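The next block is protein_1.cif, given as mmCIF, C-alpha atoms.
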data_protein
#
loop_
_atom_site.group_PDB
_atom_site.id
_atom_site.type_symbol
_atom_site.label_atom_id
_atom_site.label_comp_id
_atom_site.auth_asym_id
_atom_site.auth_seq_id
_atom_site.Cartn_x
_atom_site.Cartn_y
_atom_site.Cartn_z
ATOM 1 C CA MET A 1 -73.183 50.316 18.465
ATOM 2 C CA GLU A 2 -73.037 51.973 21.871
ATOM 3 C CA TYR A 3 -75.098 55.106 22.442
ATOM 4 C CA LEU A 4 -74.367 58.124 24.603
ATOM 5 C CA ASP A 5 -77.123 59.603 26.773
ATOM 6 C CA PHE A 6 -77.982 62.372 24.328
ATOM 7 C CA GLU A 7 -78.127 59.819 21.479
ATOM 8 C CA LEU A 8 -80.923 57.756 23.062
ATOM 9 C CA PRO A 9 -83.651 59.322 20.834
ATOM 10 C CA ILE A 10 -81.622 58.024 17.856
ATOM 11 C CA LYS A 11 -81.406 54.555 19.385
ATOM 12 C CA GLU A 12 -85.163 54.500 19.928
ATOM 13 C CA LEU A 13 -85.868 55.364 16.285
ATOM 14 C CA GLU A 14 -83.272 52.894 14.987
ATOM 15 C CA ASP A 15 -84.882 50.169 17.097
ATOM 16 C CA GLN A 16 -88.281 51.112 15.654
ATOM 17 C CA LEU A 17 -86.868 50.958 12.129
ATOM 18 C CA ASP A 18 -85.338 47.517 12.769
ATOM 19 C CA LYS A 19 -88.670 46.191 14.064
ATOM 20 C CA CYS A 20 -90.525 47.688 11.106
ATOM 21 C CA GLU A 21 -88.155 46.025 8.623
ATOM 22 C CA ILE A 22 -88.447 42.675 10.439
ATOM 23 C CA ILE A 23 -92.243 42.836 10.276
ATOM 24 C CA GLY A 24 -92.033 43.519 6.551
ATOM 25 C CA GLN A 25 -89.710 40.545 6.013
ATOM 26 C CA GLU A 26 -91.695 38.098 8.133
ATOM 27 C CA SER A 27 -95.210 38.961 6.978
ATOM 28 C CA ASN A 28 -97.145 39.949 3.892
ATOM 29 C CA VAL A 29 -97.904 43.396 5.305
ATOM 30 C CA ASP A 30 -96.554 46.334 3.297
ATOM 31 C CA VAL A 31 -94.717 48.483 5.823
ATOM 32 C CA SER A 32 -92.559 50.413 3.340
ATOM 33 C CA THR A 33 -94.398 53.702 3.950
ATOM 34 C CA THR A 34 -94.044 53.357 7.721
ATOM 35 C CA CYS A 35 -90.357 52.490 7.399
ATOM 36 C CA LYS A 36 -89.750 55.543 5.196
ATOM 37 C CA GLN A 37 -91.499 57.765 7.740
ATOM 38 C CA ILE A 38 -89.291 56.402 10.514
ATOM 39 C CA GLU A 39 -86.173 56.831 8.336
ATOM 40 C CA LYS A 40 -87.115 60.453 7.679
ATOM 41 C CA LYS A 41 -87.704 61.140 11.355
ATOM 42 C CA LEU A 42 -84.432 59.385 12.216
ATOM 43 C CA GLU A 43 -82.449 61.560 9.789
ATOM 44 C CA GLU A 44 -84.117 64.723 11.120
ATOM 45 C CA THR A 45 -83.386 63.687 14.707
ATOM 46 C CA LYS A 46 -79.732 62.971 13.922
ATOM 47 C CA ARG A 47 -79.256 66.320 12.248
ATOM 48 C CA LYS A 48 -80.973 68.161 15.087
ATOM 49 C CA ILE A 49 -78.851 66.434 17.744
ATOM 50 C CA TYR A 50 -75.469 66.592 16.029
ATOM 51 C CA LYS A 51 -75.936 70.150 14.755
ATOM 52 C CA ASN A 52 -76.320 71.510 18.284
ATOM 53 C CA LEU A 53 -73.714 69.621 20.289
ATOM 54 C CA THR A 54 -72.384 71.236 23.453
ATOM 55 C CA ALA A 55 -68.674 71.305 24.251
ATOM 56 C CA TRP A 56 -69.152 68.475 26.767
ATOM 57 C CA GLN A 57 -71.039 66.360 24.248
ATOM 58 C CA ARG A 58 -68.119 66.697 21.826
ATOM 59 C CA VAL A 59 -65.804 65.594 24.634
ATOM 60 C CA GLN A 60 -68.047 62.545 25.082
ATOM 61 C CA LEU A 61 -67.927 61.793 21.338
ATOM 62 C CA SER A 62 -64.129 62.066 21.359
ATOM 63 C CA ARG A 63 -64.154 59.316 24.008
ATOM 64 C CA HIS A 64 -66.689 57.075 22.294
ATOM 65 C CA PRO A 65 -65.591 53.438 22.753
ATOM 66 C CA ASN A 66 -66.156 52.751 19.043
ATOM 67 C CA ARG A 67 -64.106 55.741 17.854
ATOM 68 C CA PRO A 68 -61.078 54.819 15.706
ATOM 69 C CA TYR A 69 -57.748 55.426 17.438
ATOM 70 C CA THR A 70 -54.300 56.185 16.019
ATOM 71 C CA MET A 71 -53.485 52.611 14.948
ATOM 72 C CA ASP A 72 -56.874 52.298 13.212
ATOM 73 C CA HIS A 73 -56.032 55.367 11.134
ATOM 74 C CA ILE A 74 -52.521 54.109 10.427
ATOM 75 C CA HIS A 75 -53.666 50.676 9.196
ATOM 76 C CA ALA A 76 -56.468 52.208 7.108
ATOM 77 C CA LEU A 77 -54.211 54.831 5.501
ATOM 78 C CA CYS A 78 -51.010 52.805 5.114
ATOM 79 C CA GLY A 79 -52.199 49.212 4.850
ATOM 80 C CA ASP A 80 -49.346 46.693 4.800
ATOM 81 C CA SER A 81 -46.756 49.388 4.122
ATOM 82 C CA PHE A 82 -46.596 50.487 7.770
ATOM 83 C CA LEU A 83 -43.453 49.457 9.637
ATOM 84 C CA GLU A 84 -43.761 50.090 13.376
ATOM 85 C CA LEU A 85 -40.599 51.162 15.204
ATOM 86 C CA PHE A 86 -39.968 50.698 18.926
ATOM 87 C CA GLY A 87 -37.968 52.075 21.823
ATOM 88 C CA ASP A 88 -36.351 55.367 22.865
ATOM 89 C CA ARG A 89 -32.788 53.926 22.822
ATOM 90 C CA ASN A 90 -32.454 55.068 26.412
ATOM 91 C CA PHE A 91 -34.906 53.382 28.784
ATOM 92 C CA LYS A 92 -37.584 51.214 27.126
ATOM 93 C CA ASP A 93 -40.433 51.128 24.616
ATOM 94 C CA ASP A 94 -43.570 53.086 25.569
ATOM 95 C CA LYS A 95 -46.722 51.300 24.398
ATOM 96 C CA ALA A 96 -48.798 54.474 24.717
ATOM 97 C CA MET A 97 -46.731 56.159 21.985
ATOM 98 C CA VAL A 98 -46.682 54.422 18.619
ATOM 99 C CA GLY A 99 -44.902 55.290 15.422
ATOM 100 C CA GLY A 100 -43.183 54.111 12.317
ATOM 101 C CA LEU A 101 -42.791 54.446 8.573
ATOM 102 C CA GLY A 102 -45.709 54.118 6.186
ATOM 103 C CA LYS A 103 -46.867 55.186 2.745
ATOM 104 C CA ILE A 104 -49.970 57.242 1.974
ATOM 105 C CA ASP A 105 -50.766 57.642 -1.723
ATOM 106 C CA GLY A 106 -47.258 56.402 -2.499
ATOM 107 C CA GLN A 107 -45.602 59.096 -0.369
ATOM 108 C CA SER A 108 -43.523 57.971 2.620
ATOM 109 C CA PHE A 109 -44.374 59.451 6.021
ATOM 110 C CA MET A 110 -43.011 59.035 9.531
ATOM 111 C CA ILE A 111 -46.181 58.684 11.602
ATOM 112 C CA VAL A 112 -46.276 59.217 15.383
ATOM 113 C CA GLY A 113 -49.294 59.160 17.679
ATOM 114 C CA GLN A 114 -50.713 58.170 21.053
ATOM 115 C CA GLN A 115 -52.698 54.939 21.262
ATOM 116 C CA LYS A 116 -55.458 54.034 23.701
ATOM 117 C CA GLY A 117 -56.786 50.563 24.328
ATOM 118 C CA TYR A 118 -60.169 49.092 23.434
ATOM 119 C CA ASN A 119 -60.841 47.185 26.654
ATOM 120 C CA THR A 120 -59.468 46.937 30.187
ATOM 121 C CA LYS A 121 -56.553 44.675 29.221
ATOM 122 C CA THR A 122 -55.376 46.731 26.217
ATOM 123 C CA ARG A 123 -55.925 50.021 28.050
ATOM 124 C CA GLN A 124 -53.605 48.861 30.793
ATOM 125 C CA TYR A 125 -51.124 47.693 28.152
ATOM 126 C CA ARG A 126 -51.259 51.128 26.508
ATOM 127 C CA ASN A 127 -51.313 52.966 29.873
ATOM 128 C CA PHE A 128 -54.646 54.505 28.809
ATOM 129 C CA GLY A 129 -52.867 56.451 26.061
ATOM 130 C CA MET A 130 -50.758 58.428 28.565
ATOM 131 C CA ALA A 131 -47.149 58.512 27.405
ATOM 132 C CA ASN A 132 -44.179 58.498 29.762
ATOM 133 C CA PRO A 133 -40.931 60.386 29.135
ATOM 134 C CA GLU A 134 -39.564 57.458 27.145
ATOM 135 C CA GLY A 135 -42.597 57.807 24.882
ATOM 136 C CA TYR A 136 -41.696 61.379 23.986
ATOM 137 C CA ARG A 137 -38.059 60.424 23.511
ATOM 138 C CA LYS A 138 -39.222 57.636 21.222
ATOM 139 C CA ALA A 139 -41.385 60.110 19.285
ATOM 140 C CA LEU A 140 -38.468 62.525 18.956
ATOM 141 C CA ARG A 141 -36.155 59.724 17.819
ATOM 142 C CA LEU A 142 -38.598 58.789 15.088
ATOM 143 C CA MET A 143 -39.127 62.406 14.027
ATOM 144 C CA LYS A 144 -35.379 62.936 13.842
ATOM 145 C CA MET A 145 -35.138 59.878 11.618
ATOM 146 C CA ALA A 146 -37.298 61.781 9.112
ATOM 147 C CA GLU A 147 -34.806 64.394 8.825
ATOM 148 C CA GLU A 148 -34.640 61.915 30.267
ATOM 149 C CA ARG A 149 -36.753 60.392 32.376
ATOM 150 C CA GLY A 150 -38.473 63.594 33.637
ATOM 151 C CA GLN A 151 -41.897 64.373 32.140
ATOM 152 C CA GLY A 152 -41.624 68.156 31.795
ATOM 153 C CA GLU A 153 -38.147 67.957 30.290
ATOM 154 C CA ALA A 154 -39.181 65.280 27.800
ATOM 155 C CA ILE A 155 -42.185 67.261 26.540
ATOM 156 C CA ALA A 156 -40.270 70.558 26.452
ATOM 157 C CA ARG A 157 -37.404 68.916 24.574
ATOM 158 C CA ASN A 158 -39.794 67.603 21.940
ATOM 159 C CA ILE A 159 -41.386 71.022 21.424
ATOM 160 C CA PHE A 160 -37.942 72.640 21.179
ATOM 161 C CA GLU A 161 -36.698 70.094 18.661
ATOM 162 C CA MET A 162 -39.904 69.900 16.596
ATOM 163 C CA VAL A 163 -39.863 73.640 15.940
ATOM 164 C CA ARG A 164 -36.451 73.178 14.273
ATOM 165 C CA LEU A 165 -37.055 69.909 12.411
ATOM 166 C CA LYS A 166 -36.181 70.217 8.740
ATOM 167 C CA THR A 167 -39.038 68.119 7.422
ATOM 168 C CA PRO A 168 -42.750 68.986 7.019
ATOM 169 C CA ILE A 169 -44.809 68.142 10.128
ATOM 170 C CA ILE A 170 -48.544 67.409 9.869
ATOM 171 C CA ALA A 171 -50.419 66.841 13.136
ATOM 172 C CA VAL A 172 -53.942 65.401 13.289
ATOM 173 C CA ILE A 173 -55.951 65.334 16.522
ATOM 174 C CA VAL A 174 -58.132 62.236 16.205
ATOM 175 C CA GLY A 175 -59.575 62.083 19.734
ATOM 176 C CA GLU A 176 -58.530 63.735 22.971
ATOM 177 C CA GLY A 177 -55.678 66.238 22.806
ATOM 178 C CA ALA A 178 -55.074 66.562 26.511
ATOM 179 C CA SER A 179 -52.566 68.537 28.555
ATOM 180 C CA GLY A 180 -48.939 69.266 27.732
ATOM 181 C CA GLY A 181 -48.553 65.723 26.537
ATOM 182 C CA ALA A 182 -50.475 66.566 23.356
ATOM 183 C CA LEU A 183 -48.065 69.411 22.622
ATOM 184 C CA GLY A 184 -45.172 66.987 22.948
ATOM 185 C CA ILE A 185 -46.021 65.623 19.489
ATOM 186 C CA GLY A 186 -48.287 68.442 18.257
ATOM 187 C CA VAL A 187 -45.990 71.164 16.922
ATOM 188 C CA GLY A 188 -46.920 71.067 13.233
ATOM 189 C CA ASP A 189 -46.682 73.096 10.068
ATOM 190 C CA ARG A 190 -50.285 72.007 9.628
ATOM 191 C CA VAL A 191 -52.408 71.064 12.639
ATOM 192 C CA TYR A 192 -55.828 69.590 11.908
ATOM 193 C CA MET A 193 -58.554 68.723 14.394
ATOM 194 C CA MET A 194 -61.237 66.208 13.594
ATOM 195 C CA GLU A 195 -64.683 67.715 14.106
ATOM 196 C CA ASN A 196 -65.573 65.896 17.334
ATOM 197 C CA THR A 197 -62.269 66.141 19.166
ATOM 198 C CA TRP A 198 -60.885 68.483 21.797
ATOM 199 C CA TYR A 199 -57.533 70.112 22.453
ATOM 200 C CA SER A 200 -56.707 71.777 25.750
ATOM 201 C CA VAL A 201 -54.032 72.201 28.402
ATOM 202 C CA ILE A 202 -56.270 70.364 30.873
ATOM 203 C CA SER A 203 -59.226 67.977 30.783
ATOM 204 C CA PRO A 204 -62.711 69.243 31.774
ATOM 205 C CA GLU A 205 -62.716 66.914 34.801
ATOM 206 C CA SER A 206 -59.333 68.133 36.087
ATOM 207 C CA CYS A 207 -60.283 71.758 35.473
ATOM 208 C CA SER A 208 -63.516 71.242 37.423
ATOM 209 C CA SER A 209 -61.592 69.558 40.227
ATOM 210 C CA ILE A 210 -59.176 72.493 40.533
ATOM 211 C CA LEU A 211 -61.726 75.318 40.275
ATOM 212 C CA TRP A 212 -64.703 73.774 42.067
ATOM 213 C CA LYS A 213 -63.019 70.994 44.071
ATOM 214 C CA SER A 214 -65.352 68.525 42.363
ATOM 215 C CA TRP A 215 -65.795 66.790 38.987
ATOM 216 C CA GLU A 216 -69.487 67.716 38.983
ATOM 217 C CA TYR A 217 -68.826 70.920 37.020
ATOM 218 C CA LYS A 218 -67.033 69.239 34.112
ATOM 219 C CA GLU A 219 -69.657 70.437 31.594
ATOM 220 C CA GLN A 220 -69.225 74.082 32.623
ATOM 221 C CA ALA A 221 -65.476 73.586 32.508
ATOM 222 C CA ALA A 222 -65.689 72.155 28.975
ATOM 223 C CA ASP A 223 -67.557 75.276 27.826
ATOM 224 C CA ALA A 224 -65.163 77.645 29.583
ATOM 225 C CA LEU A 225 -62.020 75.977 28.216
ATOM 226 C CA LYS A 226 -63.027 76.638 24.569
ATOM 227 C CA LEU A 227 -61.587 73.263 23.644
ATOM 228 C CA THR A 228 -63.714 72.239 20.643
ATOM 229 C CA SER A 229 -62.442 72.204 17.064
ATOM 230 C CA SER A 230 -64.508 75.271 16.147
ATOM 231 C CA ASP A 231 -63.167 77.164 19.180
ATOM 232 C CA MET A 232 -59.585 76.251 18.333
ATOM 233 C CA LYS A 233 -60.014 77.222 14.673
ATOM 234 C CA LYS A 234 -61.577 80.543 15.691
ATOM 235 C CA GLN A 235 -58.578 81.261 17.926
ATOM 236 C CA LYS A 236 -56.221 80.316 15.056
ATOM 237 C CA LEU A 237 -54.575 77.589 17.139
ATOM 238 C CA VAL A 238 -55.295 74.914 14.524
ATOM 239 C CA ASP A 239 -55.274 75.244 10.762
ATOM 240 C CA ASP A 240 -58.428 73.397 9.773
ATOM 241 C CA ILE A 241 -61.219 71.097 10.919
ATOM 242 C CA ILE A 242 -61.597 67.643 9.385
ATOM 243 C CA PRO A 243 -65.348 66.932 9.011
ATOM 244 C CA GLU A 244 -66.697 63.684 10.412
ATOM 245 C CA PRO A 245 -69.643 61.548 9.279
ATOM 246 C CA LEU A 246 -72.938 62.501 10.921
ATOM 247 C CA GLY A 247 -72.809 61.121 14.455
ATOM 248 C CA GLY A 248 -69.025 60.880 14.702
ATOM 249 C CA ALA A 249 -66.007 59.131 13.181
ATOM 250 C CA HIS A 250 -67.130 55.732 14.470
ATOM 251 C CA TYR A 251 -70.348 55.800 12.427
ATOM 252 C CA ASP A 252 -68.504 55.464 9.110
ATOM 253 C CA ARG A 253 -64.848 54.554 9.558
ATOM 254 C CA GLU A 254 -64.115 54.154 5.842
ATOM 255 C CA THR A 255 -65.296 57.682 5.047
ATOM 256 C CA THR A 256 -63.424 58.991 8.093
ATOM 257 C CA PHE A 257 -60.117 57.461 7.001
ATOM 258 C CA LYS A 258 -60.521 58.740 3.427
ATOM 259 C CA THR A 259 -61.187 62.266 4.677
ATOM 260 C CA VAL A 260 -58.172 62.193 7.008
ATOM 261 C CA GLN A 261 -56.031 60.973 4.102
ATOM 262 C CA GLN A 262 -57.237 63.846 1.918
ATOM 263 C CA TYR A 263 -56.244 66.412 4.559
ATOM 264 C CA ILE A 264 -52.824 64.829 5.141
ATOM 265 C CA MET A 265 -52.058 64.901 1.430
ATOM 266 C CA LYS A 266 -53.454 68.439 1.114
ATOM 267 C CA GLY A 267 -51.081 69.598 3.853
ATOM 268 C CA TYR A 268 -48.166 67.703 2.381
ATOM 269 C CA ASN A 269 -48.715 69.186 -1.077
ATOM 270 C CA GLU A 270 -48.768 72.688 0.435
ATOM 271 C CA LEU A 271 -45.460 72.093 2.220
ATOM 272 C CA LYS A 272 -43.408 69.795 -0.001
ATOM 273 C CA ASP A 273 -41.880 72.472 -2.239
ATOM 274 C CA LEU A 274 -40.747 74.766 0.588
ATOM 275 C CA SER A 275 -37.034 74.955 1.251
ATOM 276 C CA THR A 276 -35.773 73.891 4.667
ATOM 277 C CA ALA A 277 -35.173 77.517 5.633
ATOM 278 C CA GLU A 278 -38.680 78.548 4.551
ATOM 279 C CA LEU A 279 -40.254 75.613 6.354
ATOM 280 C CA VAL A 280 -38.565 76.316 9.693
ATOM 281 C CA ALA A 281 -39.062 80.081 9.402
ATOM 282 C CA GLN A 282 -42.792 79.720 8.707
ATOM 283 C CA ARG A 283 -43.197 77.280 11.603
ATOM 284 C CA MET A 284 -41.418 79.577 14.045
ATOM 285 C CA ASP A 285 -43.450 82.550 12.827
ATOM 286 C CA LYS A 286 -46.683 80.583 13.165
ATOM 287 C CA TYR A 287 -46.105 79.649 16.809
ATOM 288 C CA SER A 288 -44.631 83.046 17.730
ATOM 289 C CA LYS A 289 -47.912 84.718 16.721
ATOM 290 C CA MET A 290 -50.096 82.467 18.890
ATOM 291 C CA GLY A 291 -51.498 84.297 21.895
ATOM 292 C CA GLU A 292 -50.949 87.794 20.470
ATOM 293 C CA PHE A 293 -53.538 90.385 21.411
ATOM 294 C CA ASN A 294 -54.104 94.135 21.274
ATOM 295 C CA GLU A 295 -54.851 96.211 24.366
#
Let me see the structure of the file written as structure tokens.
Amino acid sequence: MEYLDFELPIKELEDQLDKCEIIGQESNVDVSTTCKQIEKKLEETKRKIYKNLTAWQRVQLSRHPNRPYTMDHIHALCGDSFLELFGDRNFKDDKAMVGGLGKIDGQSFMIVGQQKGYNTKTRQYRNFGMANPEGYRKALRLMKMAEERGQGEAIARNIFEMVRLKTPIIAVIVGEGASGGALGIGVGDRVYMMENTWYSVISPESCSSILWKSWEYKEQAADALKLTSSDMKKQKLVDDIIPEPLGGAHYDRETTFKTVQQYIMKGYNELKDLSTAELVAQRMDKYSKMGEFNE
């Protein structure tokens, strides 16, 4: 397990606990009381740290190298039923955008998402999760199955078409929802954010670079952007927050995947009986109301 800077007190206690347990196993000394005391302090420290995370710390958690990405969720939720589909039928296949057919709880879904890599080689293969125009065309092709080169046009076209799609759309932000690219596959009847993710028109680093001409102010930018799941829920830009295990999704992947599955099925059950006209009308009404304010 890799630890972030603010998690180092947790690492120290976990190391102490490991040493305590080893001593107990390799000697006749009863260290059970000491181990329990360390376990108690460890739990208290975890709760204290993760209960008071700053916006920047949540950004760091969303980027944790052990965090499950889109394909991890897909394989956990769909198992062997997932059939990946490739290509935009125009230019080429975009490895940063993945998608295909899969079953969750016996119900068929068309699943589309952006995929990062786990190391230098796979990150280059996946273009660090940054989709090109052919990626958005591929995503749109797949979404249209459930029912051009130029980045702005490709994203705008997806948003335009997704608003009118005649099938329920459930979007889940599992890591970083960055820039207009996230909106290119994020127009949903239900949009859920996992607890330690972020969703914004710009990354904290890029925002800092524009406003302060330096990346040094990325933490202030993260706070100012109001990009956390709680901020987005408060502004009614997402429908709900998917809770994560204490410490983040990577601490308990099995629980994480089960929780995501529950929210997907919850959203599906809320939408499945709507007529096509009701579905599209509600979606248009939902996005038309975003950004409304009273003077």
Just say which residues the PyMOL selection byres ((chain A and resi 265-269) around 10) picks in this file, as a list in words.
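Matching residues under the PyMOL selection byres ((chain A and resi 265-269) around 10) are Ile104, Asp105, Gln107, Phe109, Pro168, Ile169, Ile170, Ala171, Asp189, Arg190, Val191, Tyr192, Asp239, Val260, Gln261, Gln262, Tyr263, Ile264, Glu270, Leu271, Lys272, Asp273 and Leu274 of chain A.
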What gap, in Å, lies between atom CA of Lys144 of chain A and atom CA of Asn158 of chain A?
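We find that atom CA of Lys144 of chain A and atom CA of Asn158 of chain A lie 10.3 Å from each other.
For the residues A:Trp212, A:Leu225, A:Lys218, A:Met143, ranking by smallest atom-to-atom distance to Gly186 of chain A using all atoms listed in the file places A:Met143 first.
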Once the PyMOL selection byres ((chain A and resi 101) around 10) has been applied to the shown file, what residues remain in the selection, as a list in words?
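Applied to this file, the PyMOL selection byres ((chain A and resi 101) around 10) selects Ile74, Cys78, Ser81, Phe82, Leu83, Glu84, Leu85, Gly99, Gly100, Gly102, Lys103, Ser108, Phe109, Met110, Ile111, Val112, Leu142, Met145 and Ala146 of chain A.
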Residue subset to file, keeping C-alpha atoms, as a short mmCIF file (atom, residue, chain, number, x, y, z; two decimals), keeping the file's coordinate frame:
data_model
loop_
_atom_site.label_atom_id
_atom_site.label_comp_id
_atom_site.auth_asym_id
_atom_site.auth_seq_id
_atom_site.Cartn_x
_atom_site.Cartn_y
_atom_site.Cartn_z
CA ILE A 74 -52.52 54.11 10.43
CA CYS A 78 -51.01 52.80 5.11
CA SER A 81 -46.76 49.39 4.12
CA PHE A 82 -46.60 50.49 7.77
CA LEU A 83 -43.45 49.46 9.64
CA GLU A 84 -43.76 50.09 13.38
CA LEU A 85 -40.60 51.16 15.20
CA GLY A 99 -44.90 55.29 15.42
CA GLY A 100 -43.18 54.11 12.32
CA GLY A 102 -45.71 54.12 6.19
CA LYS A 103 -46.87 55.19 2.74
CA SER A 108 -43.52 57.97 2.62
CA PHE A 109 -44.37 59.45 6.02
CA MET A 110 -43.01 59.04 9.53
CA ILE A 111 -46.18 58.68 11.60
CA VAL A 112 -46.28 59.22 15.38
CA LEU A 142 -38.60 58.79 15.09
CA MET A 145 -35.14 59.88 11.62
CA ALA A 146 -37.30 61.78 9.11
#
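With all atoms listed in the file as the atoms that count, the minimum distance from Lys236 of chain A to the choices A:Gln115, A:Gly177, A:Thr256, A:Met290 is reached by A:Met290.
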Between A:Val98, A:Lys286, A:Arg141, A:Arg253, smallest distance to Gly188 of chain A by all atoms listed in the file belongs to A:Lys286
Nearest candidate to Ile38 of chain A (options A:Val280, A:Val59, A:Leu53, A:Ile10; using only C-alpha atoms)
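Counting only C-alpha atoms, the residue closest to Ile38 of chain A is A:Ile10.
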What do you get, as a PyMOL selection string, if you spell out every residue that the PyMOL selection byres ((chain A and resi 200) around 8) selects here?
chain A and resi 177-179+198-199+201-203+225+227
Could you give me the centre and size, in Å to one decimal, of an axis-aligned box around all listed atoms of segment 8-27 of chain A with 5 Å added on every side, as lines of an AutoDock Vina configuration file?
center_x = -88.1
center_y = 48.7
center_z = 14.5
size_x = 24.3
size_y = 31.2
size_z = 27.0
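Nearest-residue note for Asn119 of chain A: choosing from A:Ala221, A:Pro65, A:Ile22, A:Ser208, the minimum distance belongs to A:Pro65, counting all atoms listed in the file.
Proximity of A:Glu12, A:Glu2, A:Glu21, A:Asp223 to Thr33 of chain A, computed with all atoms listed in the file, is greatest for A:Glu21.
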Rounded to one decimal in Å, what is the spacing between atom CA of Gly247 of chain A and atom CA of Met97 of chain A?
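The value is 27.6 Å.
Here atom CA of Asp15 of chain A stands at a distance of 12.2 Å from atom CA of Tyr3 of chain A.
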Where atoms are missing, can you supply all heavy atoms for segment 243-249 of chain A and output the lot as an mmCIF file, in the frame of the given file?
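Written file, result-v1.cif:
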data_model
loop_
_atom_site.group_PDB
_atom_site.id
_atom_site.type_symbol
_atom_site.label_atom_id
_atom_site.label_comp_id
_atom_site.auth_asym_id
_atom_site.auth_seq_id
_atom_site.Cartn_x
_atom_site.Cartn_y
_atom_site.Cartn_z
ATOM 1 N N PRO A 243 -63.953 67.313 8.743
ATOM 2 C CA PRO A 243 -65.348 66.932 9.011
ATOM 3 C C PRO A 243 -65.483 65.437 9.250
ATOM 4 O O PRO A 243 -64.741 64.635 8.679
ATOM 5 C CB PRO A 243 -66.079 67.372 7.741
ATOM 6 C CG PRO A 243 -65.036 67.396 6.681
ATOM 7 C CD PRO A 243 -63.768 67.797 7.358
ATOM 8 N N GLU A 244 -66.427 65.087 10.110
ATOM 9 C CA GLU A 244 -66.697 63.684 10.412
ATOM 10 C C GLU A 244 -68.073 63.298 9.886
ATOM 11 O O GLU A 244 -68.938 64.157 9.689
ATOM 12 C CB GLU A 244 -66.658 63.455 11.931
ATOM 13 C CG GLU A 244 -65.298 63.699 12.545
ATOM 14 C CD GLU A 244 -65.256 63.316 14.025
ATOM 15 O OE1 GLU A 244 -66.110 62.513 14.463
ATOM 16 O OE2 GLU A 244 -64.371 63.826 14.740
ATOM 17 N N PRO A 245 -68.307 62.015 9.661
ATOM 18 C CA PRO A 245 -69.643 61.548 9.279
ATOM 19 C C PRO A 245 -70.655 61.955 10.351
ATOM 20 O O PRO A 245 -70.289 62.122 11.526
ATOM 21 C CB PRO A 245 -69.483 60.023 9.223
ATOM 22 C CG PRO A 245 -68.025 59.808 9.024
ATOM 23 C CD PRO A 245 -67.337 60.912 9.748
ATOM 24 N N LEU A 246 -71.897 62.121 9.976
ATOM 25 C CA LEU A 246 -72.938 62.501 10.921
ATOM 26 C C LEU A 246 -72.969 61.498 12.076
ATOM 27 O O LEU A 246 -73.094 60.306 11.863
ATOM 28 C CB LEU A 246 -74.303 62.532 10.219
ATOM 29 C CG LEU A 246 -75.477 63.122 11.016
ATOM 30 C CD1 LEU A 246 -75.222 64.588 11.327
ATOM 31 C CD2 LEU A 246 -76.778 62.966 10.241
ATOM 32 N N GLY A 247 -72.814 61.999 13.295
ATOM 33 C CA GLY A 247 -72.809 61.121 14.455
ATOM 34 C C GLY A 247 -71.426 60.831 14.995
ATOM 35 O O GLY A 247 -71.287 60.322 16.097
ATOM 36 N N GLY A 248 -70.384 61.111 14.232
ATOM 37 C CA GLY A 248 -69.025 60.880 14.702
ATOM 38 C C GLY A 248 -68.232 59.934 13.822
ATOM 39 O O GLY A 248 -68.778 59.217 12.989
ATOM 40 N N ALA A 249 -66.918 59.919 14.013
ATOM 41 C CA ALA A 249 -66.007 59.131 13.181
ATOM 42 C C ALA A 249 -66.321 57.643 13.208
ATOM 43 O O ALA A 249 -66.091 56.925 12.238
ATOM 44 C CB ALA A 249 -64.559 59.351 13.642
#
